[in-house]
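Colleague: Data file coords-v8.cif (mmCIF, C-alpha atoms and all ligand atoms) is appended below.
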data_query
#
loop_
_atom_site.label_atom_id
_atom_site.label_comp_id
_atom_site.auth_asym_id
_atom_site.auth_seq_id
_atom_site.Cartn_x
_atom_site.Cartn_y
_atom_site.Cartn_z
CA MET A 1 80.35 -165.97 188.31
CA ALA A 2 80.83 -169.00 186.06
CA GLY A 3 77.80 -169.31 183.86
CA PHE A 4 76.97 -165.64 184.20
CA GLY A 5 80.21 -164.47 182.61
CA GLY A 6 78.46 -161.84 180.56
CA ALA A 7 77.00 -160.03 183.57
CA GLU A 8 79.78 -157.50 184.05
CA THR A 9 80.07 -156.83 180.35
CA ALA A 10 76.33 -156.30 180.28
CA LYS A 11 76.58 -153.66 183.00
CA ALA A 12 79.48 -151.94 181.30
CA GLY A 13 78.07 -152.12 177.81
CA GLY A 14 74.50 -151.10 178.63
CA LEU A 15 73.14 -154.29 177.08
CA GLY A 16 70.11 -154.42 179.33
CA CYS A 17 68.59 -157.40 181.06
CA GLY A 18 65.35 -159.33 180.96
CA PRO A 19 64.13 -161.64 178.19
CA LEU A 20 65.06 -160.48 174.70
CA ILE A 21 61.69 -161.02 173.04
CA ALA A 22 61.86 -160.36 169.30
CA PRO A 23 59.68 -157.44 168.19
CA LEU A 24 56.39 -158.57 166.63
CA SER A 25 56.81 -162.01 168.13
CA GLU A 26 53.67 -163.85 169.11
CA SER A 27 53.48 -162.08 172.46
CA MET A 28 53.73 -158.65 170.81
CA ARG A 29 51.42 -158.80 167.80
CA PRO A 30 50.33 -155.58 166.10
CA LEU A 31 47.24 -154.01 167.66
CA ARG A 32 45.38 -154.43 164.37
CA GLN A 33 45.86 -158.18 164.58
CA GLN A 34 44.86 -158.24 168.25
CA VAL A 35 41.65 -156.35 167.46
CA PHE A 36 40.80 -158.71 164.62
CA GLU A 37 41.50 -161.80 166.74
CA ARG A 38 39.38 -160.43 169.57
CA VAL A 39 36.43 -159.92 167.19
CA ARG A 40 36.90 -163.39 165.68
CA ALA A 41 37.05 -165.07 169.10
CA ALA A 42 33.98 -163.21 170.40
CA GLY A 43 31.77 -163.92 167.39
CA LEU A 44 29.92 -160.64 167.86
CA ILE A 45 31.33 -157.86 170.02
CA ALA A 46 30.83 -154.11 170.51
CA ARG A 47 33.75 -151.73 169.81
CA VAL A 48 33.75 -150.49 173.39
CA GLN A 49 34.12 -154.04 174.64
CA VAL A 50 37.08 -154.67 172.33
CA ALA A 51 38.76 -151.57 173.78
CA LYS A 52 38.08 -152.78 177.32
CA ASP A 53 39.33 -156.31 176.62
CA LEU A 54 42.58 -155.09 175.05
CA GLY A 55 43.11 -152.23 177.48
CA VAL A 56 43.38 -149.60 174.73
CA SER A 57 41.44 -146.41 174.00
CA PRO A 58 38.06 -146.66 172.22
CA ALA A 59 39.37 -144.11 169.69
CA SER A 60 42.21 -146.36 168.54
CA VAL A 61 39.82 -149.31 168.29
CA THR A 62 37.48 -147.20 166.15
CA THR A 63 40.34 -146.28 163.79
CA ILE A 64 41.49 -149.86 163.46
CA THR A 65 38.01 -151.35 163.03
CA SER A 66 37.27 -148.79 160.27
CA GLU A 67 40.37 -150.04 158.45
CA LEU A 68 39.38 -153.67 158.95
CA ILE A 69 35.86 -152.95 157.68
CA GLU A 70 37.27 -151.14 154.65
CA ALA A 71 39.56 -154.11 153.97
CA GLY A 72 36.46 -156.32 154.03
CA LEU A 73 37.69 -158.46 156.91
CA ILE A 74 35.05 -157.57 159.49
CA GLU A 75 31.57 -156.08 159.26
CA GLU A 76 29.02 -154.27 161.37
CA VAL A 77 26.08 -156.36 162.46
CA SER A 78 23.09 -154.97 164.28
CA ALA A 79 22.79 -156.95 167.46
CA PRO A 80 19.43 -157.01 169.22
CA ARG A 81 19.61 -155.00 172.43
CA ASP A 82 19.06 -156.74 175.70
CA PRO A 83 15.40 -155.84 176.43
CA GLU A 84 16.23 -155.19 180.07
CA LEU A 85 18.90 -152.64 179.25
CA GLY A 86 16.87 -150.32 177.08
CA ARG A 87 15.06 -149.93 173.80
CA GLY A 88 15.52 -147.79 170.76
CA ARG A 89 18.16 -148.29 168.11
CA PRO A 90 19.67 -151.76 167.98
CA ALA A 91 23.27 -151.88 169.18
CA VAL A 92 25.96 -152.31 166.53
CA ALA A 93 28.36 -155.17 167.00
CA LEU A 94 31.37 -156.28 164.99
CA GLY A 95 31.81 -159.72 163.47
CA VAL A 96 34.17 -161.40 161.02
CA ARG A 97 32.95 -161.13 157.41
CA ALA A 98 32.52 -164.84 156.75
CA GLN A 99 32.77 -164.59 152.96
CA ALA A 100 35.99 -162.52 153.08
CA HIS A 101 38.16 -165.60 152.60
CA LEU A 102 37.69 -169.33 152.12
CA VAL A 103 40.35 -171.86 153.06
CA ALA A 104 40.80 -175.62 152.80
CA GLY A 105 42.15 -177.96 155.46
CA MET A 106 43.43 -181.41 154.52
CA LYS A 107 44.68 -184.36 156.47
CA MET A 108 46.86 -186.87 154.65
CA SER A 109 47.06 -190.07 156.68
CA ASP A 110 48.03 -193.71 156.45
CA ARG A 111 44.48 -194.91 155.99
CA GLU A 112 42.56 -192.14 154.28
CA HIS A 113 42.75 -188.53 153.20
CA SER A 114 40.17 -186.01 154.38
CA ALA A 115 39.45 -182.37 153.63
CA VAL A 116 37.17 -179.53 154.65
CA ILE A 117 36.43 -176.05 153.35
CA VAL A 118 35.64 -173.35 155.90
CA ASP A 119 34.86 -169.67 155.56
CA PHE A 120 36.68 -166.81 157.28
CA ALA A 121 34.45 -167.13 160.36
CA GLY A 122 35.31 -170.83 160.64
CA ASN A 123 31.97 -172.19 159.37
CA LEU A 124 32.18 -175.58 157.65
CA LEU A 125 31.08 -175.39 153.99
CA ALA A 126 32.01 -178.80 152.62
CA ASN A 127 34.00 -181.94 153.35
CA GLU A 128 35.37 -185.03 151.63
CA VAL A 129 36.98 -188.30 152.73
CA VAL A 130 38.91 -190.55 150.35
CA PRO A 131 40.27 -193.97 151.40
CA ARG A 132 43.79 -194.90 150.32
CA ARG A 133 46.10 -197.89 150.22
CA PRO A 134 48.27 -197.85 153.37
CA GLY A 135 52.02 -197.34 153.16
CA PRO A 136 54.50 -194.58 152.33
CA MET A 137 54.30 -192.91 148.91
CA PRO A 138 56.69 -190.79 146.82
CA VAL A 139 56.25 -187.01 147.03
CA ALA A 140 54.92 -186.81 143.46
CA GLU A 141 52.15 -189.25 144.36
CA MET A 142 51.36 -187.31 147.54
CA LEU A 143 51.02 -184.10 145.51
CA ASP A 144 48.68 -185.90 143.07
CA ALA A 145 46.59 -187.09 146.03
CA MET A 146 46.46 -183.59 147.51
CA GLU A 147 45.39 -182.03 144.22
CA ALA A 148 42.69 -184.65 143.57
CA LEU A 149 41.34 -184.30 147.12
CA LEU A 150 41.31 -180.51 146.91
CA ASN A 151 39.45 -180.61 143.58
CA ARG A 152 36.83 -182.94 145.04
CA VAL A 153 36.17 -180.89 148.16
CA CYS A 154 35.97 -177.68 146.07
CA GLU A 155 33.45 -179.42 143.86
CA ASN A 156 31.40 -180.35 146.95
CA ALA A 157 31.49 -176.71 148.05
CA GLY A 158 30.55 -175.52 144.57
CA ILE A 159 33.59 -173.26 144.27
CA ALA A 160 36.62 -172.99 142.00
CA ARG A 161 40.02 -173.79 143.49
CA ALA A 162 41.10 -170.22 142.78
CA ALA A 163 38.42 -168.99 145.21
CA LEU A 164 40.55 -170.27 148.10
CA SER A 165 42.96 -167.97 149.94
CA GLY A 166 45.05 -170.75 151.43
CA VAL A 167 45.39 -174.42 152.26
CA GLY A 168 46.47 -176.09 155.51
CA VAL A 169 47.80 -179.65 155.40
CA GLY A 170 48.44 -182.03 158.26
CA LEU A 171 50.40 -185.25 158.12
CA PRO A 172 51.99 -187.56 160.67
CA GLY A 173 55.69 -187.33 161.45
CA PHE A 174 58.36 -184.71 162.08
CA VAL A 175 57.14 -181.52 160.47
CA ASP A 176 58.79 -178.11 160.71
CA GLN A 177 55.75 -175.89 160.36
CA ALA A 178 57.70 -172.63 160.08
CA GLU A 179 60.00 -173.94 157.31
CA GLY A 180 57.28 -176.01 155.63
CA VAL A 181 59.54 -179.08 155.64
CA VAL A 182 58.62 -182.68 156.43
CA LEU A 183 61.74 -184.21 157.95
CA TRP A 184 60.14 -187.64 158.16
CA SER A 185 56.62 -188.98 157.75
CA SER A 186 55.23 -192.50 157.67
CA THR A 187 53.21 -191.38 154.62
CA LEU A 188 56.27 -190.39 152.52
CA THR A 189 59.12 -192.45 151.09
CA GLU A 190 61.51 -189.46 150.99
CA ARG A 191 62.97 -187.50 153.90
CA ALA A 192 63.49 -183.74 154.36
CA VAL A 193 60.79 -182.84 151.84
CA PRO A 194 60.00 -179.11 151.36
CA LEU A 195 56.36 -180.10 151.03
CA ALA A 196 54.74 -176.70 151.63
CA LEU A 197 56.61 -175.15 148.70
CA ALA A 198 56.03 -178.16 146.42
CA ALA A 199 52.31 -178.18 147.25
CA GLN A 200 52.12 -174.41 146.77
CA GLU A 201 53.57 -174.76 143.27
CA ARG A 202 51.28 -177.65 142.41
CA LEU A 203 48.06 -176.14 143.79
CA GLY A 204 48.77 -172.51 142.93
CA LEU A 205 47.74 -171.48 146.45
CA PRO A 206 49.59 -170.58 149.67
CA VAL A 207 50.09 -173.81 151.66
CA SER A 208 50.97 -174.29 155.34
CA ILE A 209 51.82 -177.71 156.73
CA ASP A 210 51.97 -179.10 160.24
CA ASN A 211 52.19 -182.30 162.24
CA ASP A 212 48.72 -183.82 162.43
CA ALA A 213 48.65 -184.08 166.26
CA ASN A 214 49.36 -180.34 166.45
CA LEU A 215 46.38 -179.82 164.18
CA VAL A 216 44.08 -181.74 166.49
CA ALA A 217 45.27 -179.49 169.32
CA LEU A 218 44.65 -176.50 167.04
CA ALA A 219 41.13 -177.76 166.25
CA GLU A 220 40.41 -178.02 169.99
CA LEU A 221 41.92 -174.57 170.53
CA TRP A 222 39.87 -172.94 167.76
CA PHE A 223 36.62 -174.85 167.77
CA GLY A 224 36.49 -177.17 170.77
CA ALA A 225 37.07 -177.73 174.46
CA GLY A 226 40.37 -175.85 174.45
CA ARG A 227 39.00 -172.43 173.46
CA SER A 228 38.90 -171.15 177.02
CA LEU A 229 41.96 -173.00 178.32
CA ALA A 230 45.49 -171.57 178.39
CA ASP A 231 47.28 -174.90 178.84
CA PHE A 232 46.08 -178.31 177.74
CA ALA A 233 47.30 -181.48 176.08
CA VAL A 234 45.81 -183.50 173.25
CA VAL A 235 47.00 -187.09 172.92
CA THR A 236 46.14 -188.70 169.59
CA PHE A 237 45.84 -192.38 168.76
CA GLU A 238 46.13 -193.48 165.22
CA HIS A 239 48.78 -195.49 163.52
CA GLY A 240 51.07 -193.98 166.17
CA VAL A 241 50.66 -191.98 169.36
CA GLY A 242 50.98 -188.22 168.97
CA MET A 243 50.66 -185.24 171.21
CA GLY A 244 49.88 -181.58 170.69
CA PHE A 245 50.47 -179.25 173.62
CA VAL A 246 48.94 -175.82 173.99
CA MET A 247 50.83 -173.47 176.26
CA ASN A 248 49.46 -170.01 176.93
CA HIS A 249 46.88 -170.41 174.12
CA ARG A 250 49.56 -171.31 171.55
CA ILE A 251 50.82 -174.59 170.15
CA TYR A 252 54.11 -175.40 171.87
CA ARG A 253 56.69 -176.33 169.22
CA GLY A 254 60.05 -176.47 171.01
CA ALA A 255 63.50 -175.30 169.91
CA GLN A 256 63.73 -177.70 166.95
CA ARG A 257 60.12 -176.76 166.11
CA LEU A 258 59.10 -180.39 165.75
CA GLY A 259 56.84 -180.46 168.79
CA LEU A 260 56.50 -183.20 171.35
CA GLU A 261 56.94 -186.89 170.72
CA LEU A 262 54.97 -188.54 173.48
CA GLY A 263 54.81 -191.76 171.45
CA HIS A 264 58.58 -192.15 171.65
CA THR A 265 59.04 -191.39 175.33
CA LYS A 266 60.35 -194.55 176.95
CA VAL A 267 58.11 -196.54 179.26
CA GLN A 268 60.39 -199.59 179.46
CA LEU A 269 64.19 -199.91 179.22
CA ASP A 270 65.12 -202.45 176.52
CA GLY A 271 61.40 -202.93 175.93
CA ALA A 272 59.34 -203.70 172.84
CA LEU A 273 60.73 -202.67 169.46
CA CYS A 274 59.23 -199.44 168.09
CA ARG A 275 58.91 -198.53 164.43
CA CYS A 276 61.34 -195.66 165.11
CA GLY A 277 64.05 -198.32 165.61
CA GLN A 278 64.44 -197.77 169.36
CA ARG A 279 63.08 -199.91 172.17
CA GLY A 280 60.56 -199.34 174.94
CA CYS A 281 58.67 -196.41 173.36
CA LEU A 282 55.10 -195.82 174.55
CA GLU A 283 53.95 -196.29 170.97
CA ALA A 284 55.40 -199.79 170.85
CA TYR A 285 52.83 -200.78 173.53
CA VAL A 286 49.80 -198.66 172.68
CA ALA A 287 49.70 -197.98 168.91
CA ASP A 288 47.62 -200.08 166.56
CA TYR A 289 50.62 -202.00 165.23
CA ALA A 290 51.57 -202.89 168.81
CA LEU A 291 48.10 -204.31 169.49
CA ALA A 292 48.15 -206.12 166.15
CA ARG A 293 51.57 -207.62 166.95
CA GLU A 294 50.26 -208.96 170.25
CA ALA A 295 47.13 -210.30 168.60
CA THR A 296 48.96 -212.17 165.87
CA THR A 297 51.38 -213.71 168.40
CA ALA A 298 49.16 -214.50 171.37
CA LEU A 299 46.07 -215.56 169.45
CA ASN A 300 48.02 -217.16 166.63
CA TRP A 301 46.14 -215.13 164.07
CA GLY A 302 47.56 -214.97 160.59
CA HIS A 303 48.19 -211.41 159.50
CA ARG A 304 49.08 -210.88 155.89
CA ASP A 305 50.94 -207.78 154.80
CA GLY A 306 48.47 -205.33 153.39
CA GLN A 307 45.58 -206.74 155.39
CA SER A 308 43.84 -203.90 157.14
CA ILE A 309 45.04 -203.45 160.71
CA SER A 310 41.65 -201.87 161.48
CA VAL A 311 39.88 -205.12 160.60
CA LEU A 312 42.24 -207.10 162.80
CA LEU A 313 41.77 -204.70 165.73
CA GLU A 314 37.98 -204.71 165.34
CA SER A 315 38.10 -208.48 165.56
CA LEU A 316 40.37 -208.33 168.63
CA TYR A 317 37.94 -205.92 170.24
CA ASP A 318 34.97 -208.18 169.50
CA HIS A 319 36.82 -211.07 171.14
CA ALA A 320 37.53 -208.93 174.21
CA GLN A 321 33.89 -207.86 174.38
CA ALA A 322 32.83 -211.51 174.18
CA GLY A 323 35.00 -212.26 177.21
CA ASP A 324 38.12 -213.73 175.57
CA ALA A 325 40.73 -213.49 178.34
CA THR A 326 43.73 -213.16 176.00
CA ALA A 327 42.11 -210.41 173.94
CA ARG A 328 41.16 -208.55 177.11
CA SER A 329 44.66 -208.86 178.52
CA ILE A 330 46.10 -207.31 175.35
CA PHE A 331 43.95 -204.18 175.71
CA ARG A 332 44.49 -204.14 179.47
CA ARG A 333 48.27 -204.18 179.05
CA ALA A 334 48.13 -201.36 176.48
CA GLY A 335 45.93 -199.40 178.89
CA ARG A 336 48.49 -199.75 181.69
CA TYR A 337 51.26 -198.39 179.49
CA LEU A 338 48.97 -195.59 178.39
CA ALA A 339 48.50 -194.77 182.10
CA VAL A 340 52.29 -194.42 182.44
CA GLY A 341 52.44 -192.10 179.43
CA LEU A 342 49.58 -189.90 180.62
CA ALA A 343 50.93 -189.70 184.17
CA ASN A 344 54.26 -188.51 182.71
CA VAL A 345 52.41 -185.79 180.79
CA VAL A 346 50.70 -184.63 184.00
CA ASN A 347 53.92 -184.73 186.02
CA LEU A 348 55.84 -182.76 183.36
CA PHE A 349 53.32 -180.20 182.13
CA ASP A 350 50.50 -179.89 184.67
CA PRO A 351 47.85 -179.29 181.95
CA ALA A 352 44.34 -178.07 182.81
CA LEU A 353 42.87 -180.86 180.68
CA ILE A 354 44.02 -183.89 178.72
CA ILE A 355 41.99 -184.76 175.64
CA LEU A 356 42.35 -188.23 174.16
CA SER A 357 41.50 -188.03 170.50
CA GLY A 358 41.17 -190.46 167.63
CA GLU A 359 38.79 -193.03 166.24
CA ARG A 360 40.61 -195.87 167.96
CA LEU A 361 39.20 -194.60 171.24
CA LYS A 362 36.10 -196.62 170.64
CA PHE A 363 38.30 -199.40 172.09
CA ASP A 364 37.28 -198.37 175.56
CA TYR A 365 39.53 -200.91 177.27
CA LEU A 366 42.34 -198.45 176.63
CA TYR A 367 40.93 -195.94 179.05
CA ALA A 368 38.91 -198.17 181.34
CA ALA A 369 38.49 -197.30 185.01
CA GLU A 370 41.54 -199.44 185.83
CA THR A 371 43.69 -197.41 183.44
CA LEU A 372 42.65 -194.15 185.11
CA ALA A 373 43.18 -195.67 188.57
CA GLU A 374 46.65 -196.80 187.49
CA MET A 375 47.34 -193.28 186.27
CA ASP A 376 46.25 -191.83 189.63
CA ASN A 377 48.85 -194.04 191.30
CA LEU A 378 51.59 -192.69 189.03
CA VAL A 379 50.75 -188.99 189.13
CA ILE A 380 52.72 -187.23 191.84
CA ASN A 381 50.56 -186.63 194.88
CA THR A 382 50.28 -182.88 195.48
CA GLY A 383 47.02 -183.11 197.40
CA ARG A 384 45.29 -181.43 194.45
CA PRO A 385 43.16 -183.27 191.91
CA ARG A 386 44.75 -184.46 188.67
CA PRO A 387 43.50 -182.85 185.45
CA PRO A 388 40.31 -184.24 183.92
CA ILE A 389 40.64 -186.59 180.94
CA GLU A 390 38.14 -186.19 178.11
CA ILE A 391 37.63 -188.64 175.28
CA HIS A 392 36.92 -187.16 171.85
CA ALA A 393 36.50 -190.08 169.49
CA TRP A 394 36.04 -187.82 166.50
CA GLY A 395 37.13 -188.78 163.06
CA ASP A 396 39.52 -187.35 160.54
CA LEU A 397 37.29 -184.39 159.76
CA LEU A 398 38.25 -182.86 163.10
CA TRP A 399 41.90 -183.14 162.09
CA ALA A 400 41.10 -181.51 158.75
CA HIS A 401 39.32 -178.75 160.65
CA GLY A 402 42.57 -178.12 162.53
CA ALA A 403 44.35 -177.86 159.18
CA ALA A 404 41.76 -175.27 158.13
CA ALA A 405 42.48 -173.31 161.33
CA LEU A 406 46.17 -173.38 160.38
CA ALA A 407 45.29 -171.96 156.94
CA LEU A 408 43.08 -169.29 158.54
CA SER A 409 45.94 -168.27 160.86
CA ALA A 410 48.30 -168.03 157.91
CA VAL A 411 45.87 -165.93 155.85
CA THR A 412 45.19 -163.62 158.79
CA GLU A 413 48.88 -163.29 159.55
CA ARG A 414 49.66 -162.49 155.91
CA ILE A 415 46.97 -159.82 155.64
CA LEU A 416 47.27 -158.18 159.02
CA THR A 417 51.03 -157.97 159.28
CA ALA A 418 51.44 -156.84 155.65
CA PRO A 419 51.95 -153.15 154.84
CA ARG A 420 48.64 -151.31 155.02
CA GLU A 421 48.38 -150.55 151.29
CA LEU A 422 48.49 -154.28 150.63
CA ALA A 423 46.03 -155.15 153.36
CA ALA A 424 43.47 -152.75 151.99
CA GLN A 425 43.43 -154.39 148.57
ZN ZN B 501 59.80 -195.04 169.07
#
Could you express the structure from this file as C-alpha cells?
Ligand SMILES: [Zn+2]
Modeller:
Amino acid sequence: MAGFGGAETAKAGGLGCGPLIAPLSESMRPLRQQVFERVRAAGLIARVQVAKDLGVSPASVTTITSELIEAGLIEEVSAPRDPELGRGRPAVALGVRAQAHLVAGMKMSDREHSAVIVDFAGNLLANEVVPRRPGPMPVAEMLDAMEALLNRVCENAGIARAALSGVGVGLPGFVDQAEGVVLWSSTLTERAVPLALAAQERLGLPVSIDNDANLVALAELWFGAGRSLADFAVVTFEHGVGMGFVMNHRIYRGAQRLGLELGHTKVQLDGALCRCGQRGCLEAYVADYALAREATTALNWGHRDGQSISVLLESLYDHAQAGDATARSIFRRAGRYLAVGLANVVNLFDPALIILSGERLKFDYLYAAETLAEMDNLVINTGRPRPPIEIHAWGDLLWAHGAAALALSAVTERILTAPRELAAQ
C-alpha cells in the first residue's frame, strides 16, 4: 500500500476518487463563455448549430446569446441562405461584434519592438515596428519603450489609448503568465519583475504578459495552422531557441508555469557553453550567438561588441551560399543539433505538427533535407510517420498578434466570468 497510503482513509472518510479538477477550471468554463468562444471560433454560426456543437438545449443557447447580444459582445448577422436549401428570409447567424473591444499586442525583443492593434473579432487594424539597441535594459526604460510603442501604434490606428480594453505583452525569458512576473529575461537587467502590474500602472490599462514563444504558439492557435489541431509544437528561433506547446487546444505551462525550455535541453554532455551558464544546451549549438561564435572562430572574423549579429549571420549565409565549405559546415552542424532537439520533441510529446517559426529560418541550411533525414534517424520507429514540419518564417508581427490574442483572452475572461450585472455594462 506504500504510496497509496490515503486509500483506506479515503474509503472511510468519503473523500471520493478521480481527478480533483477545480470548479471553473479551463476544462469546466461557464456555458456563457463556451457559447461566446464557439461563436468567435466559427466566425458566423446559427444558434441551433451552437446548441448542437456544445450538446446543450437550443433554449439555453437562446437565453445566453440574448444576454451576449445585450452586452454588445456578439451580434446577429443575416447570412445568405444556401440557394439549394431554400429561399425566403435570409437565415440569421451570430458573429462577434468586432467593435466591442480593441486590444493591443506588443512584443519586446532584443532587436526590435513590435505592436499590433486588433478588434474583438481578431481583425488587424494597425501595426508598428521600432528598432532598438540590443542588450538588457532597466525596468523603467522598458516601461518607457512600451508606452512609446503603444502611443505610436494607437496613432497609426487613429484611436486614443483609452479606447483599448487591454494589452498583451510578450518577451523572451522565464515569464509567469498567471502572476504577471518576469523571473528572468534577456531584455531586462532586473530579475523577478512584476512587469504586468508595473505596465498596468504606467499604461492605465489591464496588461497580461507571457513568454514570447508561448505567444507564437497562441498566434498559431488563434489565427494560423494550429486552429484545428489539439496538440502541436512551435519551435522559435531568435536570439535563443524557444518552444510553445499546445496540448488539448491550450498552451501547456507546467507546474512552475514557466513553460518548456527546449533551448536548454542538453544535446551534449560537457558541451558548448550556453548563455544560461550550463553546458551542452541545444541553444548553444543552434541560436544566433552560437553561429556567430563559430563564425568568428573558424573564419577568423572580427566581431566587435555591439556589432549586429544579424549582419554577421547574413554574411555567413552569403558565404555558405557561395560555396564556402567552412560556412556551410557551421550551418550543417547547427542543423544536426537541431535534428536532435526536434527528434526529442517528437519522442516526448508526439505532436500532430511541428512549426518552426522565426525570421532566422531564411537560413535554410538549418532545416535542409539532411537535417530532416537526421531527425528521421533519431525519432523512435513506431512504423507510423513522424509529424510534418512546417516552416513559418514570419516576422515579429506574428508574435505581436499572439500577444493580442492573449489580451483578447484576458478581456473575454474578465467579462464573461464576471458577475452578470458587471458583464452587462
Ligand atoms: Zn542553456
Colleague: In Å, with one decimal, what is the gap from CA of Arg360 in chain A to CA of Asp212 in chain A?
Modeller: 15.5 Å
Colleague: Restricting the calculation to all atoms listed in the file: of A:Arg328, A:Met247, A:Trp301, A:Asp270, which residue gets closest to Asp350 in chain A?
Modeller: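 The answer is A:Met247, which sits nearest to Asp350 in chain A.
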Colleague: For range 70-79 of chain A, find every residue with an atom within 9 Å (counting all atoms listed in the file), except residues of its own chain fewer than 4 positions away, and show them as a list in words.
Modeller: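 Close residues of range 70-79 of chain A: Phe36, Val39, Arg40, Leu44, Ile45, Thr65, Ser66, Pro90, Ala91, Val92, Ala93, Leu94, Gly95, Val96, Arg97, Ala98, Gln99, Ala100, His101, Phe120, Ala423, Ala424 and Gln425 of chain A.
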Colleague: As an exercise, work out the distance from CA of Val129 in chain A to CA of Glu147 in chain A in Å and give it to one decimal place.
Modeller: 13.5 Å
Colleague: Counting only C-alpha atoms and all ligand atoms, which of A:Leu356, A:Leu203, A:Cys281, A:Leu316 gets nearest to ligand ZN 501 (chain B)?
Modeller: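 Distance minimum relative to ligand ZN 501 (chain B) lands on A:Cys281.
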Colleague: What residues of the protein or nucleic acid chains come within 10 Å of ligand ZN 501 (chain B) when you use all atoms listed in the file? Reply as a list in words.
Modeller: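 These are the residues that qualify: Gly240, Val241, Glu261, Leu262, Gly263, His264, Thr265, Lys266, Ala272, Leu273, Cys274, Arg275, Cys276, Gly277, Gln278, Arg279, Gly280, Cys281, Leu282, Glu283 and Ala284 of chain A.
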Colleague: Atoms are missing here; could range 153-167 of chain A be completed with N, CA, C and O atoms and written as a PDB file, keeping the file's coordinate frame?
Modeller:
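Produced file selection-v2.pdb, reproduced below:
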ATOM      1  N   VAL A 153      36.846-181.634 147.085  1.00  0.00           N
ATOM      2  CA  VAL A 153      36.170-180.890 148.160  1.00  0.00           C
ATOM      3  C   VAL A 153      35.687-179.529 147.642  1.00  0.00           C
ATOM      4  O   VAL A 153      34.633-179.037 148.059  1.00  0.00           O
ATOM      5  N   CYS A 154      36.426-178.939 146.688  1.00  0.00           N
ATOM      6  CA  CYS A 154      35.970-177.680 146.070  1.00  0.00           C
ATOM      7  C   CYS A 154      34.677-177.918 145.297  1.00  0.00           C
ATOM      8  O   CYS A 154      33.753-177.112 145.338  1.00  0.00           O
ATOM      9  N   GLU A 155      34.650-179.055 144.604  1.00  0.00           N
ATOM     10  CA  GLU A 155      33.450-179.420 143.860  1.00  0.00           C
ATOM     11  C   GLU A 155      32.255-179.550 144.816  1.00  0.00           C
ATOM     12  O   GLU A 155      31.174-179.031 144.551  1.00  0.00           O
ATOM     13  N   ASN A 156      32.475-180.207 145.952  1.00  0.00           N
ATOM     14  CA  ASN A 156      31.400-180.350 146.950  1.00  0.00           C
ATOM     15  C   ASN A 156      30.917-178.998 147.450  1.00  0.00           C
ATOM     16  O   ASN A 156      29.742-178.825 147.763  1.00  0.00           O
ATOM     17  N   ALA A 157      31.856-178.043 147.546  1.00  0.00           N
ATOM     18  CA  ALA A 157      31.490-176.710 148.050  1.00  0.00           C
ATOM     19  C   ALA A 157      30.920-175.831 146.941  1.00  0.00           C
ATOM     20  O   ALA A 157      30.417-174.741 147.208  1.00  0.00           O
ATOM     21  N   GLY A 158      31.042-176.302 145.691  1.00  0.00           N
ATOM     22  CA  GLY A 158      30.550-175.520 144.570  1.00  0.00           C
ATOM     23  C   GLY A 158      31.399-174.285 144.290  1.00  0.00           C
ATOM     24  O   GLY A 158      30.883-173.243 143.881  1.00  0.00           O
ATOM     25  N   ILE A 159      32.706-174.402 144.523  1.00  0.00           N
ATOM     26  CA  ILE A 159      33.590-173.260 144.270  1.00  0.00           C
ATOM     27  C   ILE A 159      34.771-173.692 143.396  1.00  0.00           C
ATOM     28  O   ILE A 159      35.083-174.881 143.308  1.00  0.00           O
ATOM     29  N   ALA A 160      35.399-172.709 142.763  1.00  0.00           N
ATOM     30  CA  ALA A 160      36.620-172.990 142.000  1.00  0.00           C
ATOM     31  C   ALA A 160      37.793-172.992 142.977  1.00  0.00           C
ATOM     32  O   ALA A 160      37.736-172.335 144.021  1.00  0.00           O
ATOM     33  N   ARG A 161      38.853-173.733 142.613  1.00  0.00           N
ATOM     34  CA  ARG A 161      40.020-173.790 143.490  1.00  0.00           C
ATOM     35  C   ARG A 161      40.603-172.400 143.730  1.00  0.00           C
ATOM     36  O   ARG A 161      41.084-172.078 144.808  1.00  0.00           O
ATOM     37  N   ALA A 162      40.519-171.564 142.695  1.00  0.00           N
ATOM     38  CA  ALA A 162      41.100-170.220 142.780  1.00  0.00           C
ATOM     39  C   ALA A 162      40.363-169.338 143.787  1.00  0.00           C
ATOM     40  O   ALA A 162      40.858-168.278 144.167  1.00  0.00           O
ATOM     41  N   ALA A 163      39.171-169.779 144.229  1.00  0.00           N
ATOM     42  CA  ALA A 163      38.420-168.990 145.210  1.00  0.00           C
ATOM     43  C   ALA A 163      39.019-169.110 146.609  1.00  0.00           C
ATOM     44  O   ALA A 163      38.642-168.368 147.521  1.00  0.00           O
ATOM     45  N   LEU A 164      39.951-170.064 146.774  1.00  0.00           N
ATOM     46  CA  LEU A 164      40.550-170.270 148.100  1.00  0.00           C
ATOM     47  C   LEU A 164      41.692-169.287 148.339  1.00  0.00           C
ATOM     48  O   LEU A 164      42.418-168.924 147.413  1.00  0.00           O
ATOM     49  N   SER A 165      41.850-168.870 149.593  1.00  0.00           N
ATOM     50  CA  SER A 165      42.960-167.970 149.940  1.00  0.00           C
ATOM     51  C   SER A 165      44.139-168.723 150.529  1.00  0.00           C
ATOM     52  O   SER A 165      45.214-168.145 150.707  1.00  0.00           O
ATOM     53  N   GLY A 166      43.947-169.983 150.869  1.00  0.00           N
ATOM     54  CA  GLY A 166      45.050-170.750 151.430  1.00  0.00           C
ATOM     55  C   GLY A 166      44.626-172.168 151.749  1.00  0.00           C
ATOM     56  O   GLY A 166      43.439-172.473 151.804  1.00  0.00           O
ATOM     57  N   VAL A 167      45.632-173.015 151.948  1.00  0.00           N
ATOM     58  CA  VAL A 167      45.390-174.420 152.260  1.00  0.00           C
ATOM     59  C   VAL A 167      46.269-174.809 153.449  1.00  0.00           C
ATOM     60  O   VAL A 167      47.448-174.435 153.487  1.00  0.00           O
TER      61      VAL A 167
END
